[in-house]
file structure33.cif (mmCIF, C-alpha atoms)
data_my_file
#
loop_
_atom_site.label_atom_id
_atom_site.label_comp_id
_atom_site.auth_asym_id
_atom_site.auth_seq_id
_atom_site.Cartn_x
_atom_site.Cartn_y
_atom_site.Cartn_z
CA MET A 908 -39.61 -36.45 -23.41
CA THR A 909 -35.82 -36.71 -23.55
CA SER A 910 -33.87 -35.27 -26.45
CA ALA A 911 -31.14 -36.97 -28.40
CA ASN A 912 -29.45 -33.59 -28.48
CA HIS A 913 -29.10 -33.24 -24.71
CA TYR A 914 -26.04 -34.96 -23.20
CA ASP A 915 -24.84 -35.48 -19.64
CA VAL A 916 -21.09 -36.04 -19.27
CA THR A 917 -21.68 -38.42 -16.34
CA THR A 918 -23.87 -40.81 -18.37
CA TRP A 919 -21.97 -40.80 -21.67
CA PRO A 920 -20.53 -44.29 -22.29
CA VAL A 921 -17.12 -43.14 -23.60
CA GLY A 922 -14.48 -42.17 -21.04
CA ASP A 923 -14.59 -41.21 -17.36
CA PRO A 924 -15.39 -37.47 -16.89
CA THR A 925 -13.77 -37.36 -13.45
CA GLU A 926 -10.48 -38.55 -14.96
CA ASP A 927 -10.64 -36.73 -18.31
CA ILE A 928 -13.72 -34.72 -19.17
CA GLY A 929 -11.96 -33.53 -22.32
CA GLU A 930 -12.09 -37.04 -23.78
CA VAL A 931 -15.79 -37.30 -22.92
CA ILE A 932 -16.82 -33.95 -24.43
CA ASN A 933 -14.81 -34.62 -27.60
CA ALA A 934 -16.60 -37.97 -27.96
CA ILE A 935 -19.96 -36.25 -27.55
CA ILE A 936 -19.07 -33.64 -30.19
CA ALA A 937 -18.06 -36.49 -32.54
CA ASP A 938 -21.48 -38.06 -31.96
CA ILE A 939 -23.27 -34.80 -32.71
CA LYS A 940 -21.36 -34.47 -35.99
CA ALA A 941 -22.05 -38.09 -36.93
CA ARG A 942 -25.80 -37.72 -36.35
CA GLN A 943 -26.30 -34.20 -37.70
CA THR A 944 -25.00 -34.60 -41.24
CA VAL A 945 -27.72 -32.93 -43.30
CA THR A 946 -27.45 -29.16 -43.77
CA ASP A 947 -30.95 -28.58 -45.15
CA GLU A 948 -33.82 -30.87 -44.20
CA ASP A 949 -37.29 -29.37 -43.83
CA GLU A 950 -35.70 -25.95 -43.30
CA GLY A 951 -33.39 -27.32 -40.61
CA GLY A 952 -30.77 -29.97 -40.23
CA ARG A 953 -28.08 -29.14 -37.68
CA PRO A 954 -29.64 -27.88 -34.46
CA GLY A 955 -26.56 -28.53 -32.33
CA ALA A 956 -26.81 -29.76 -28.75
CA VAL A 957 -26.50 -29.13 -25.03
CA ILE A 958 -23.77 -30.79 -22.95
CA TYR A 959 -24.50 -30.75 -19.24
CA ILE A 960 -21.85 -30.86 -16.51
CA PRO A 961 -23.37 -31.67 -13.08
CA PRO A 962 -21.78 -30.21 -9.92
CA GLY A 963 -18.52 -32.00 -9.18
CA ASP A 964 -14.82 -32.04 -10.00
CA TYR A 965 -13.76 -33.09 -13.51
CA ARG A 966 -10.13 -33.27 -14.50
CA LEU A 967 -9.32 -32.21 -18.08
CA ARG A 968 -6.28 -33.93 -19.58
CA THR A 969 -7.37 -33.69 -23.23
CA GLN A 970 -8.11 -30.37 -24.90
CA VAL A 971 -11.73 -29.94 -25.98
CA VAL A 972 -11.87 -28.97 -29.66
CA ILE A 973 -15.10 -27.34 -30.84
CA ASP A 974 -15.81 -26.98 -34.56
CA ILE A 975 -19.64 -27.00 -34.63
CA SER A 976 -22.17 -24.22 -34.20
CA PHE A 977 -25.14 -24.15 -31.82
CA LEU A 978 -23.34 -25.92 -28.99
CA ARG A 979 -24.12 -25.07 -25.39
CA ILE A 980 -21.94 -26.40 -22.57
CA GLU A 981 -23.54 -25.71 -19.22
CA GLY A 982 -23.11 -26.54 -15.57
CA SER A 983 -24.86 -25.77 -12.31
CA GLY A 984 -22.67 -23.19 -10.64
CA HIS A 985 -19.57 -21.09 -11.35
CA GLY A 986 -17.97 -22.35 -8.13
CA PHE A 987 -15.54 -19.47 -7.61
CA THR A 988 -13.66 -19.12 -4.35
CA SER A 989 -10.31 -17.42 -3.86
CA SER A 990 -7.38 -19.75 -4.40
CA SER A 991 -4.98 -16.85 -3.91
CA ILE A 992 -6.12 -16.27 -0.35
CA ARG A 993 -5.79 -19.96 0.47
CA PHE A 994 -2.33 -20.31 -1.10
CA ASN A 995 -1.14 -17.36 1.00
CA VAL A 996 -2.43 -18.87 4.24
CA PRO A 997 0.16 -21.03 6.05
CA GLU A 998 -0.39 -24.68 5.18
CA ASP A 999 -0.74 -25.66 8.83
CA GLU A 1000 -3.93 -23.54 8.89
CA TRP A 1001 -5.53 -25.23 5.86
CA VAL A 1002 -7.06 -27.93 8.06
CA ASP A 1003 -9.32 -25.29 9.63
CA LEU A 1004 -10.60 -23.89 6.32
CA HIS A 1005 -14.16 -24.76 5.27
CA GLU A 1006 -13.02 -25.55 1.71
CA LEU A 1007 -9.72 -25.55 -0.13
CA TRP A 1008 -10.71 -25.51 -3.81
CA PRO A 1009 -13.31 -23.89 -6.06
CA GLY A 1010 -16.55 -25.87 -6.42
CA GLY A 1011 -19.73 -25.99 -8.46
CA SER A 1012 -19.40 -27.68 -11.84
CA ARG A 1013 -15.62 -27.47 -11.86
CA ILE A 1014 -13.15 -28.38 -14.58
CA LEU A 1015 -9.56 -28.87 -13.41
CA VAL A 1016 -7.25 -27.92 -16.27
CA ASP A 1017 -4.46 -30.50 -16.16
CA LEU A 1018 -3.10 -30.17 -19.69
CA PRO A 1019 0.62 -30.53 -20.37
CA VAL A 1020 1.95 -27.08 -21.27
CA ASP A 1021 4.78 -27.40 -23.78
CA GLY A 1022 5.47 -23.72 -24.42
CA GLU A 1023 4.40 -23.88 -28.07
CA GLY A 1024 1.86 -21.09 -27.66
CA GLU A 1025 -1.42 -20.23 -25.97
CA PRO A 1026 -3.70 -22.57 -27.99
CA THR A 1027 -1.90 -25.67 -26.71
CA GLY A 1028 -2.69 -24.74 -23.11
CA ALA A 1029 -6.37 -24.00 -23.74
CA ALA A 1030 -8.99 -26.15 -22.04
CA PHE A 1031 -11.53 -25.27 -24.77
CA TYR A 1032 -10.20 -24.54 -28.25
CA ILE A 1033 -12.74 -23.28 -30.80
CA GLU A 1034 -11.67 -23.24 -34.43
CA ARG A 1035 -13.48 -23.58 -37.73
CA ARG A 1036 -12.66 -21.95 -41.04
CA GLY A 1037 -14.87 -21.50 -44.06
CA SER A 1038 -18.35 -20.09 -44.43
CA PRO A 1039 -20.43 -19.37 -42.51
CA ARG A 1040 -18.49 -18.44 -39.41
CA ILE A 1041 -18.93 -20.71 -36.43
CA SER A 1042 -21.90 -19.34 -34.48
CA SER A 1043 -23.80 -19.55 -31.22
CA VAL A 1044 -21.36 -21.47 -29.07
CA GLU A 1045 -22.29 -20.90 -25.42
CA PHE A 1046 -20.54 -21.53 -22.11
CA LEU A 1047 -22.74 -21.24 -19.06
CA SER A 1048 -22.44 -21.67 -15.31
CA PHE A 1049 -19.35 -23.78 -14.66
CA CYS A 1050 -15.85 -23.20 -13.34
CA ILE A 1051 -12.56 -23.51 -15.24
CA ASP A 1052 -9.71 -23.80 -12.75
CA GLY A 1053 -6.04 -23.68 -13.75
CA LEU A 1054 -5.11 -25.09 -10.32
CA HIS A 1055 -1.63 -23.61 -9.81
CA PHE A 1056 0.73 -20.92 -11.03
CA ASN A 1057 4.42 -21.61 -11.64
CA PRO A 1058 7.72 -20.01 -10.61
CA ASP A 1059 8.76 -17.21 -12.96
CA GLY A 1060 12.30 -16.54 -11.74
CA SER A 1061 11.23 -13.74 -9.41
CA GLU A 1062 11.14 -13.73 -5.62
CA LEU A 1063 7.36 -14.06 -5.61
CA HIS A 1064 5.70 -17.14 -4.16
CA PRO A 1065 5.10 -19.43 -7.18
CA GLU A 1066 1.33 -19.27 -6.62
CA ASN A 1067 1.43 -15.46 -6.98
CA THR A 1068 3.11 -15.20 -10.40
CA TYR A 1069 0.01 -15.53 -12.62
CA VAL A 1070 2.08 -17.69 -15.00
CA ASN A 1071 1.23 -21.26 -16.04
CA GLY A 1072 0.60 -21.25 -19.80
CA LYS A 1073 -3.06 -22.24 -19.36
CA THR A 1074 -6.07 -20.65 -21.04
CA GLY A 1075 -9.72 -21.28 -20.20
CA ILE A 1076 -11.45 -20.62 -23.54
CA TYR A 1077 -9.57 -19.80 -26.75
CA VAL A 1078 -11.47 -18.83 -29.92
CA ALA A 1079 -9.05 -18.90 -32.83
CA ASN A 1080 -10.91 -17.30 -35.72
CA ALA A 1081 -14.00 -15.44 -36.87
CA ASN A 1082 -17.13 -16.17 -34.88
CA ASP A 1083 -20.64 -14.86 -34.45
CA SER A 1084 -23.03 -14.58 -31.49
CA PHE A 1085 -20.97 -16.46 -28.91
CA ARG A 1086 -22.06 -16.21 -25.28
CA ILE A 1087 -20.01 -16.67 -22.12
CA ASN A 1088 -22.43 -16.20 -19.23
CA GLY A 1089 -22.32 -16.97 -15.52
CA MET A 1090 -18.93 -18.66 -15.70
CA GLY A 1091 -16.12 -18.83 -13.15
CA PHE A 1092 -12.48 -18.57 -14.26
CA ILE A 1093 -9.58 -18.84 -11.82
CA TYR A 1094 -5.81 -19.42 -11.83
CA LEU A 1095 -5.42 -19.30 -15.60
CA GLU A 1096 -2.74 -17.24 -17.31
CA HIS A 1097 -5.43 -16.26 -19.85
CA ALA A 1098 -9.07 -16.75 -18.90
CA LEU A 1099 -10.87 -15.86 -22.13
CA THR A 1100 -9.18 -15.09 -25.47
CA VAL A 1101 -11.39 -14.43 -28.50
CA TYR A 1102 -10.23 -13.49 -32.00
CA ASN A 1103 -12.43 -11.73 -34.56
CA ALA A 1104 -15.65 -11.59 -32.55
CA ASP A 1105 -18.97 -10.39 -33.89
CA ALA A 1106 -21.88 -9.88 -31.47
CA LEU A 1107 -20.08 -11.59 -28.60
CA SER A 1108 -21.71 -11.46 -25.15
CA VAL A 1109 -19.51 -11.79 -22.06
CA HIS A 1110 -21.99 -11.31 -19.25
CA ASP A 1111 -22.31 -11.92 -15.51
CA ASN A 1112 -19.11 -13.93 -15.12
CA PHE A 1113 -16.68 -14.14 -12.19
CA ILE A 1114 -13.20 -13.88 -13.70
CA ALA A 1115 -10.46 -13.27 -11.16
CA GLU A 1116 -7.01 -14.38 -10.04
CA CYS A 1117 -6.08 -14.89 -13.70
CA GLY A 1118 -3.09 -13.38 -15.50
CA SER A 1119 -5.42 -11.69 -18.01
CA CYS A 1120 -9.21 -11.95 -17.87
CA ILE A 1121 -10.95 -10.88 -21.09
CA GLU A 1122 -8.93 -10.41 -24.28
CA LEU A 1123 -10.63 -9.52 -27.57
CA ARG A 1124 -7.97 -9.78 -30.24
CA GLY A 1125 -7.62 -9.39 -33.98
CA TRP A 1126 -10.70 -7.31 -34.76
CA GLY A 1127 -14.39 -7.33 -34.00
CA GLN A 1128 -17.67 -5.48 -33.81
CA ALA A 1129 -20.90 -5.04 -31.88
CA SER A 1130 -19.87 -7.06 -28.83
CA LYS A 1131 -20.50 -6.45 -25.15
CA ILE A 1132 -18.75 -7.02 -21.84
CA THR A 1133 -21.36 -6.41 -19.15
CA ASP A 1134 -22.05 -7.04 -15.46
CA ASN A 1135 -18.91 -9.05 -14.81
CA LEU A 1136 -16.77 -9.28 -11.68
CA ILE A 1137 -13.19 -9.14 -12.96
CA GLY A 1138 -9.69 -8.97 -11.57
CA ALA A 1139 -6.46 -9.71 -13.45
CA GLY A 1140 -2.91 -10.04 -12.23
CA PHE A 1141 -0.27 -7.33 -12.35
CA LYS A 1142 1.21 -8.67 -15.62
CA GLY A 1143 -2.05 -8.67 -17.59
CA HIS A 1144 -5.24 -6.85 -18.46
CA SER A 1145 -8.65 -7.17 -16.84
CA ILE A 1146 -10.37 -6.09 -20.09
CA TYR A 1147 -8.41 -5.75 -23.32
CA ALA A 1148 -9.72 -5.15 -26.84
CA GLU A 1149 -8.02 -4.31 -30.13
CA ASN A 1150 -9.40 -3.09 -33.45
CA HIS A 1151 -13.00 -3.28 -32.30
CA GLY A 1152 -15.94 -1.08 -33.24
CA GLY A 1153 -19.22 -0.77 -31.40
CA LEU A 1154 -17.94 -2.44 -28.24
CA LEU A 1155 -20.01 -1.95 -25.09
CA ILE A 1156 -18.21 -2.20 -21.74
CA THR A 1157 -20.78 -1.48 -19.06
CA ALA A 1158 -21.61 -2.17 -15.40
CA ASN A 1159 -18.51 -4.22 -14.66
CA ASN A 1160 -16.90 -4.29 -11.23
CA VAL A 1161 -13.18 -4.44 -11.94
CA PHE A 1162 -10.97 -5.40 -9.02
CA PRO A 1163 -7.43 -4.12 -8.51
CA ARG A 1164 -4.05 -5.64 -9.33
CA GLY A 1165 -4.46 -5.89 -13.11
CA ALA A 1166 -1.90 -3.87 -15.07
CA SER A 1167 -4.96 -2.09 -16.47
CA SER A 1168 -8.69 -2.15 -15.85
CA VAL A 1169 -9.63 -1.42 -19.46
CA HIS A 1170 -7.10 -1.23 -22.29
CA LEU A 1171 -8.39 -0.34 -25.76
CA ASN A 1172 -6.00 -0.55 -28.69
CA GLY A 1173 -7.25 0.88 -31.96
CA VAL A 1174 -10.88 0.73 -30.75
CA THR A 1175 -13.43 3.11 -32.25
CA ARG A 1176 -17.01 4.24 -31.67
CA SER A 1177 -17.34 2.21 -28.48
CA SER A 1178 -18.52 2.87 -24.92
CA VAL A 1179 -16.96 2.45 -21.48
CA THR A 1180 -19.78 3.45 -19.16
CA ASN A 1181 -21.07 2.93 -15.63
CA ASN A 1182 -18.21 0.71 -14.49
CA ARG A 1183 -16.64 0.61 -11.05
CA LEU A 1184 -12.87 0.48 -11.63
CA HIS A 1185 -10.29 -0.07 -8.88
CA SER A 1186 -6.54 -0.17 -9.30
CA PHE A 1187 -3.31 -0.02 -7.34
CA TYR A 1188 -1.42 1.65 -10.20
CA PRO A 1189 -1.74 4.38 -12.84
CA GLY A 1190 -2.89 3.43 -16.33
CA MET A 1191 -6.32 2.23 -15.22
CA VAL A 1192 -8.06 2.98 -18.52
CA VAL A 1193 -5.94 3.33 -21.65
CA LEU A 1194 -7.17 4.41 -25.07
CA ALA A 1195 -4.16 3.66 -27.28
CA ALA A 1196 -3.23 3.39 -30.97
CA ASN A 1197 -5.57 6.12 -32.17
CA SER A 1198 -8.63 4.84 -30.33
CA SER A 1199 -11.20 7.41 -31.44
CA GLU A 1200 -14.83 8.50 -31.14
CA ASN A 1201 -15.31 6.55 -27.92
CA LEU A 1202 -17.46 7.48 -24.94
CA VAL A 1203 -16.00 7.13 -21.44
CA ALA A 1204 -18.74 8.23 -19.08
CA SER A 1205 -20.16 7.82 -15.57
CA ASN A 1206 -17.42 5.50 -14.38
CA HIS A 1207 -16.03 5.43 -10.85
CA PHE A 1208 -12.22 5.28 -10.76
CA LEU A 1209 -10.47 4.44 -7.50
CA ARG A 1210 -6.69 4.35 -7.33
CA ASP A 1211 -5.20 3.47 -3.95
CA HIS A 1212 -2.41 1.30 -2.51
CA GLU A 1213 -1.95 -2.45 -2.37
CA PRO A 1214 -2.89 -3.38 1.21
CA TRP A 1215 -2.15 -7.12 1.10
CA THR A 1216 1.31 -8.08 2.31
CA PRO A 1217 2.20 -10.71 -0.36
CA PHE A 1218 1.90 -8.13 -3.16
CA VAL A 1219 3.21 -4.98 -1.49
CA GLY A 1220 5.86 -3.42 -3.74
CA VAL A 1221 4.52 -5.02 -6.93
CA ASP A 1222 3.39 -2.60 -9.65
CA ASN A 1223 2.77 -2.34 -13.39
CA GLY A 1224 5.86 -0.26 -14.20
CA LEU A 1225 4.01 3.02 -14.81
CA ASP A 1226 4.68 6.22 -12.88
CA ASP A 1227 2.18 8.77 -11.61
CA LEU A 1228 2.61 11.09 -14.58
CA TYR A 1229 1.04 8.50 -16.88
CA GLY A 1230 -2.50 9.29 -15.73
CA LEU A 1231 -5.34 7.16 -14.44
CA LEU A 1232 -7.05 7.65 -17.81
CA CYS A 1233 -4.66 7.98 -20.73
CA VAL A 1234 -5.85 8.86 -24.24
CA SER A 1235 -4.01 8.56 -27.54
CA GLY A 1236 -6.77 9.15 -30.05
CA SER A 1237 -9.22 11.70 -31.38
CA ASN A 1238 -12.78 12.87 -30.84
CA ASN A 1239 -13.34 10.87 -27.68
CA SER A 1240 -15.80 12.05 -25.02
CA VAL A 1241 -14.84 11.76 -21.34
CA ILE A 1242 -17.88 12.92 -19.41
CA GLY A 1243 -19.14 12.76 -15.85
CA ASN A 1244 -16.59 10.38 -14.35
CA HIS A 1245 -15.62 10.32 -10.68
CA PHE A 1246 -11.93 9.85 -9.83
CA SER A 1247 -10.66 9.04 -6.34
CA GLU A 1248 -6.88 9.24 -5.99
CA VAL A 1249 -6.16 8.04 -2.44
CA ILE A 1250 -2.41 7.55 -2.10
CA ASP A 1251 0.54 8.26 0.14
CA SER A 1252 2.35 11.35 -1.17
CA GLN A 1253 5.65 9.74 -0.15
CA SER A 1254 5.03 6.99 -2.72
CA ILE A 1255 4.60 9.27 -5.74
CA ARG A 1256 6.95 8.51 -8.62
CA PRO A 1257 8.90 10.34 -9.93
CA ILE A 1258 9.63 11.90 -6.55
CA GLY A 1259 8.38 15.46 -6.25
CA THR A 1260 5.98 15.32 -9.20
CA THR A 1261 2.23 15.87 -9.22
CA PRO A 1262 0.06 12.84 -10.09
CA VAL A 1263 -1.98 13.11 -13.29
CA ILE A 1264 -5.61 12.00 -13.47
CA ILE A 1265 -6.56 12.44 -17.16
CA ARG A 1266 -3.79 12.65 -19.74
CA LEU A 1267 -4.24 13.40 -23.42
CA MET A 1268 -1.06 12.13 -25.03
CA ALA A 1269 -1.87 12.28 -28.75
CA GLY A 1270 -4.69 13.00 -31.17
CA GLY A 1271 -7.14 15.85 -31.02
CA GLY A 1272 -10.73 16.97 -30.76
CA ASN A 1273 -11.35 15.17 -27.46
CA TYR A 1274 -14.15 16.46 -25.22
CA ILE A 1275 -13.46 16.35 -21.46
CA SER A 1276 -16.37 17.59 -19.36
CA SER A 1277 -17.80 17.55 -15.84
CA ASN A 1278 -15.35 15.10 -14.32
CA HIS A 1279 -14.83 15.21 -10.55
CA VAL A 1280 -11.56 14.40 -8.79
CA VAL A 1281 -11.13 13.63 -5.08
CA ALA A 1282 -7.46 13.44 -4.10
CA MET A 1283 -6.33 12.42 -0.62
CA ASP A 1284 -2.92 11.99 0.98
CA VAL A 1285 -3.09 8.90 3.21
CA HIS A 1286 -0.63 6.77 5.11
CA ALA A 1287 -0.54 3.41 3.34
CA LYS A 1288 -1.06 0.33 5.51
CA SER A 1289 -0.78 -3.36 4.78
CA SER A 1290 -2.11 -6.56 6.32
CA ASP A 1291 -1.75 -10.32 5.98
CA SER A 1292 -5.53 -10.60 5.61
CA ALA A 1293 -6.62 -9.93 2.02
CA PHE A 1294 -10.29 -9.45 2.84
CA SER A 1295 -10.09 -7.25 5.92
CA ALA A 1296 -7.19 -5.20 4.54
CA GLN A 1297 -9.08 -4.37 1.36
CA VAL A 1298 -12.36 -3.62 3.11
CA ASP A 1299 -10.63 -1.36 5.63
CA ALA A 1300 -8.90 0.51 2.80
CA LEU A 1301 -12.15 0.96 0.88
CA LEU A 1302 -14.12 2.25 3.87
CA THR A 1303 -11.51 4.68 5.21
CA THR A 1304 -12.38 8.26 4.18
CA GLU A 1305 -11.11 10.36 7.09
CA ALA A 1306 -7.83 11.40 5.46
CA SER A 1307 -7.12 14.94 6.70
CA ASP A 1308 -4.81 16.18 3.97
CA GLY A 1309 -5.63 16.92 0.38
CA LEU A 1310 -3.28 15.80 -2.36
CA ALA A 1311 -2.13 18.10 -5.13
CA ILE A 1312 -2.97 16.63 -8.54
CA THR A 1313 -3.05 17.57 -12.20
CA ALA A 1314 -6.65 16.89 -13.18
CA VAL A 1315 -6.00 17.11 -16.92
CA MET A 1316 -2.64 17.15 -18.72
CA VAL A 1317 -2.57 17.78 -22.47
CA ASP A 1318 0.67 16.91 -24.22
CA SER A 1319 1.94 18.95 -27.15
CA GLU A 1320 1.08 16.07 -29.51
CA SER A 1321 -2.62 16.55 -28.66
CA ALA A 1322 -4.54 19.67 -29.66
CA ARG A 1323 -7.99 21.11 -30.41
CA ASN A 1324 -9.42 19.49 -27.29
CA THR A 1325 -12.26 20.93 -25.21
CA ILE A 1326 -11.86 20.74 -21.43
CA LEU A 1327 -14.80 21.92 -19.35
CA ASP A 1328 -15.38 21.84 -15.59
CA SER A 1329 -12.87 19.06 -14.98
CA GLY A 1330 -10.34 20.91 -12.86
CA SER A 1331 -9.43 24.35 -11.60
CA ASP A 1332 -7.21 26.65 -13.62
CA ALA A 1333 -4.19 25.48 -11.62
CA GLN A 1334 -5.10 21.79 -12.03
CA VAL A 1335 -5.19 21.75 -15.83
CA SER A 1336 -1.97 21.69 -17.82
CA ALA A 1337 -2.75 22.56 -21.43
CA ASP A 1338 -1.79 25.03 -24.12
CA ARG A 1339 -4.66 27.51 -23.81
CA ALA A 1340 -4.11 28.67 -27.39
CA ALA A 1341 -4.40 25.16 -28.83
CA ASN A 1342 -7.23 23.86 -26.63
CA ALA A 1343 -10.55 25.23 -25.38
CA PHE A 1344 -10.72 25.39 -21.59
CA ARG A 1345 -13.20 26.37 -18.90
CA ALA A 1346 -12.08 25.94 -15.31
CA THR A 1347 -14.10 24.46 -12.49
CA PRO A 1348 -14.83 27.45 -10.23
CA ALA A 1349 -12.74 27.52 -7.07
CA ILE A 1350 -14.66 27.84 -3.80
CA GLY A 1351 -14.49 31.37 -2.41
CA PHE A 1352 -13.83 33.05 -5.75
#

call {"tool": "encode", "arguments": {"input": "structure33.cif", "output": "structure tokens"}}
result
Amino acid sequence: MTSANHYDVTTWPVGDPTEDIGEVINAIIADIKARQTVTDEDEGGRPGAVIYIPPGDYRLRTQVVIDISFLRIEGSGHGFTSSSIRFNVPEDEWVDLHELWPGGSRILVDLPVDGEGEPTGAAFYIERRGSPRISSVEFLSFCIDGLHFNPDGSELHPENTYVNGKTGIYVANANDSFRINGMGFIYLEHALTVYNADALSVHDNFIAECGSCIELRGWGQASKITDNLIGAGFKGHSIYAENHGGLLITANNVFPRGASSVHLNGVTRSSVTNNRLHSFYPGMVVLAANSSENLVASNHFLRDHEPWTPFVGVDNGLDDLYGLLCVSGSNNSVIGNHFSEVIDSQSIRPIGTTPVIIRLMAGGGNYISSNHVVAMDVHAKSSDSAFSAQVDALLTTEASDGLAITAVMVDSESARNTILDSGSDAQVSADRAANAFRATPAIGF
């Protein structure tokens, strides 16, 4: 039995999906709205629909506008492959590559970007006002590809700027129970931007080589970002959230090069747990703007050097006194995290200073306990091969020299904190009269 509420973009009679899938999907949404007009019929009335995108390449020249609930847009594969690696391979070698572009069910974002703001460059724009909030819109298992980045006035190769004004999915106002699962996002200035989310699930996606990956803006509650593979560019955030409560960020593998791995701004009573976080710069996890009563636990932090030649010398503008984890807020718990600081001592900035691992900048009542820091002084190397350079850097552990670090630094604007077993007496910089402190025992004493 076929359903009138299941659509295939390749069989819909309006438009050509290979030339403009945006026109096709908008026509399908118009059909759904024309057929589902009754709001209450036999305790139902507007079930929504599924729009299927088979494997293939589909250019998008018209923005998809979604203003109905219970819509699922699904494909048959996220199709991610690194465009950055290919664009940094000499063009005369492209002929020997197995593939040049991402695959799967792939949407090629070819919108004109006029500089009037992020919504105009969004492939999928979701907006509906009134009551109830738009609900249960799902994106599953296809690729949104921004194709190219643009020159930004710097000396960087244009394909390495992370700038093109394009967004994958943009949710403009209050929403409930959205799901973004198993998707691929690549070469977009903003992959996923969601305002005012309630019970949002961002799960098992591959979001990389985008300016910013996941941005939860405005406010929100009870959402989760779980089991994703994520990597932003040096100008943006891998995971960013503002004014959220009850946010769960768990089991993500966050790649380096983003200006931050996790940046929380005014976020409360949320959890950042069991993530693997990798960065080339300080400021990996930031709790800013009085982010309070959050749990940061059982994460693995790795800060090392950029090993890939095209990006050597690029950073996020922060120096080594900023901290890998920086807290401006109160009553947060930072428990049982592992920190690996594997850097060349000659690269430390400001020159002659000691790198900071955890920094409490403002607020009070934070609980810092049982965190372990491994700090190594290594000679930084670079390579033209992104894959082998990164793998070699990750697997190298035979550094012979330890690196002096400040495990915890407490600024004068932060007080009444408890710091337990997270650094030796010499590794913790804090006013002992204003903060409770128990040192990690030093071996031999």

call {"tool": "resolve_selection", "arguments": {"input": "structure33.cif", "expression": "the PyMOL selection byres ((chain A and resi 1053-1060) around 8)", "output": "count of residues only"}}
result
22

call {"tool": "axis_aligned_box", "arguments": {"input": "structure33.cif", "around": "range 1322-1334 of chain A", "padding_each_side": "5 Å", "output": "AutoDock Vina command-line options"}}
result
--center_x -9.8 --center_y 22.9 --center_z -21.0 --size_x 21.2 --size_y 17.6 --size_z 28.8

call {"tool": "resolve_selection", "arguments": {"input": "structure33.cif", "expression": "the PyMOL selection byres ((chain A and resi 1167) around 12)", "output": "ChimeraX atom specification"}}
result
/A:1118-1121,1137-1148,1161-1166,1168-1171,1184-1194,1208,1210,1222-1225,1230-1233

call {"tool": "closest_atom_pairs", "arguments": {"input": "structure33.cif", "of": "range 1047-1093 of chain A", "to": "range 986-993 of chain A", "cutoff": "7 Å", "atoms": "only C-alpha atoms", "output": "CSV"}}
result
residue,atom,partner,partner_atom,distance
A:Phe1049,CA,A:Gly986,CA,6.8
A:Cys1050,CA,A:Gly986,CA,5.7
A:Gly1091,CA,A:Phe987,CA,5.6

call {"tool": "atom_distance", "arguments": {"input": "structure33.cif", "atom1": "CA of Arg979 in chain A", "atom2": "CA of Leu1047 in chain A"}}
result
7.5 Å

call {"tool": "atom_distance", "arguments": {"input": "structure33.cif", "atom1": "CA of Ala1341 in chain A", "atom2": "CA of Glu1320 in chain A"}}
result
10.6 Å

call {"tool": "residues_around", "arguments": {"input": "structure33.cif", "residues": "Val1241 in chain A", "least_positions_apart": "3", "cutoff": "10 Å", "atoms": "all atoms listed in the file", "output": "ChimeraX atom specification"}}
result
/A:1179-1180,1201-1206,1232,1234,1238,1244,1265,1273-1278,1326,1329

call {"tool": "resolve_selection", "arguments": {"input": "structure33.cif", "expression": "the PyMOL selection byres ((chain A and resi 912) around 10)", "output": "PyMOL selection string"}}
result
chain A and resi 909-911+913-914+935+938-939+942-943+954-958+978

call {"tool": "residues_around", "arguments": {"input": "structure33.cif", "residues": "His1151 in chain A", "least_positions_apart": "5", "cutoff": "8 Å", "atoms": "all atoms listed in the file", "output": "VMD selection string"}}
result
chain A and resid 1126 to 1128 1173 to 1175 1177

call {"tool": "atom_distance", "arguments": {"input": "structure33.cif", "atom1": "CA of Asn1181 in chain A", "atom2": "CA of Asn1324 in chain A"}}
result
23.4 Å

call {"tool": "closest_residue", "arguments": {"input": "structure33.cif", "among": "A:Val1109, A:Ala1333, A:Leu1018, A:Val1249", "to": "Arg968 in chain A", "atoms": "only C-alpha atoms"}}
result
A:Leu1018

call {"tool": "closest_residue", "arguments": {"input": "structure33.cif", "among": "A:Asn1135, A:Ser1178, A:Ser1198, A:Ser1252", "to": "Glu1149 in chain A", "atoms": "only C-alpha atoms"}}
result
A:Ser1198

call {"tool": "closest_residue", "arguments": {"input": "structure33.cif", "among": "A:Asp1226, A:Glu1034, A:Asp1134, A:Asp1308", "to": "Tyr1102 in chain A", "atoms": "all atoms listed in the file"}}
result
A:Glu1034

call {"tool": "closest_residue", "arguments": {"input": "structure33.cif", "among": "A:Asp1003, A:Glu1025, A:Asp964, A:Glu1096", "to": "Asp927 in chain A", "atoms": "only C-alpha atoms"}}
result
A:Asp964

call {"tool": "closest_residue", "arguments": {"input": "structure33.cif", "among": "A:Val916, A:Leu1209, A:Ala1343, A:Ala1311", "to": "Pro962 in chain A", "atoms": "only C-alpha atoms"}}
result
A:Val916
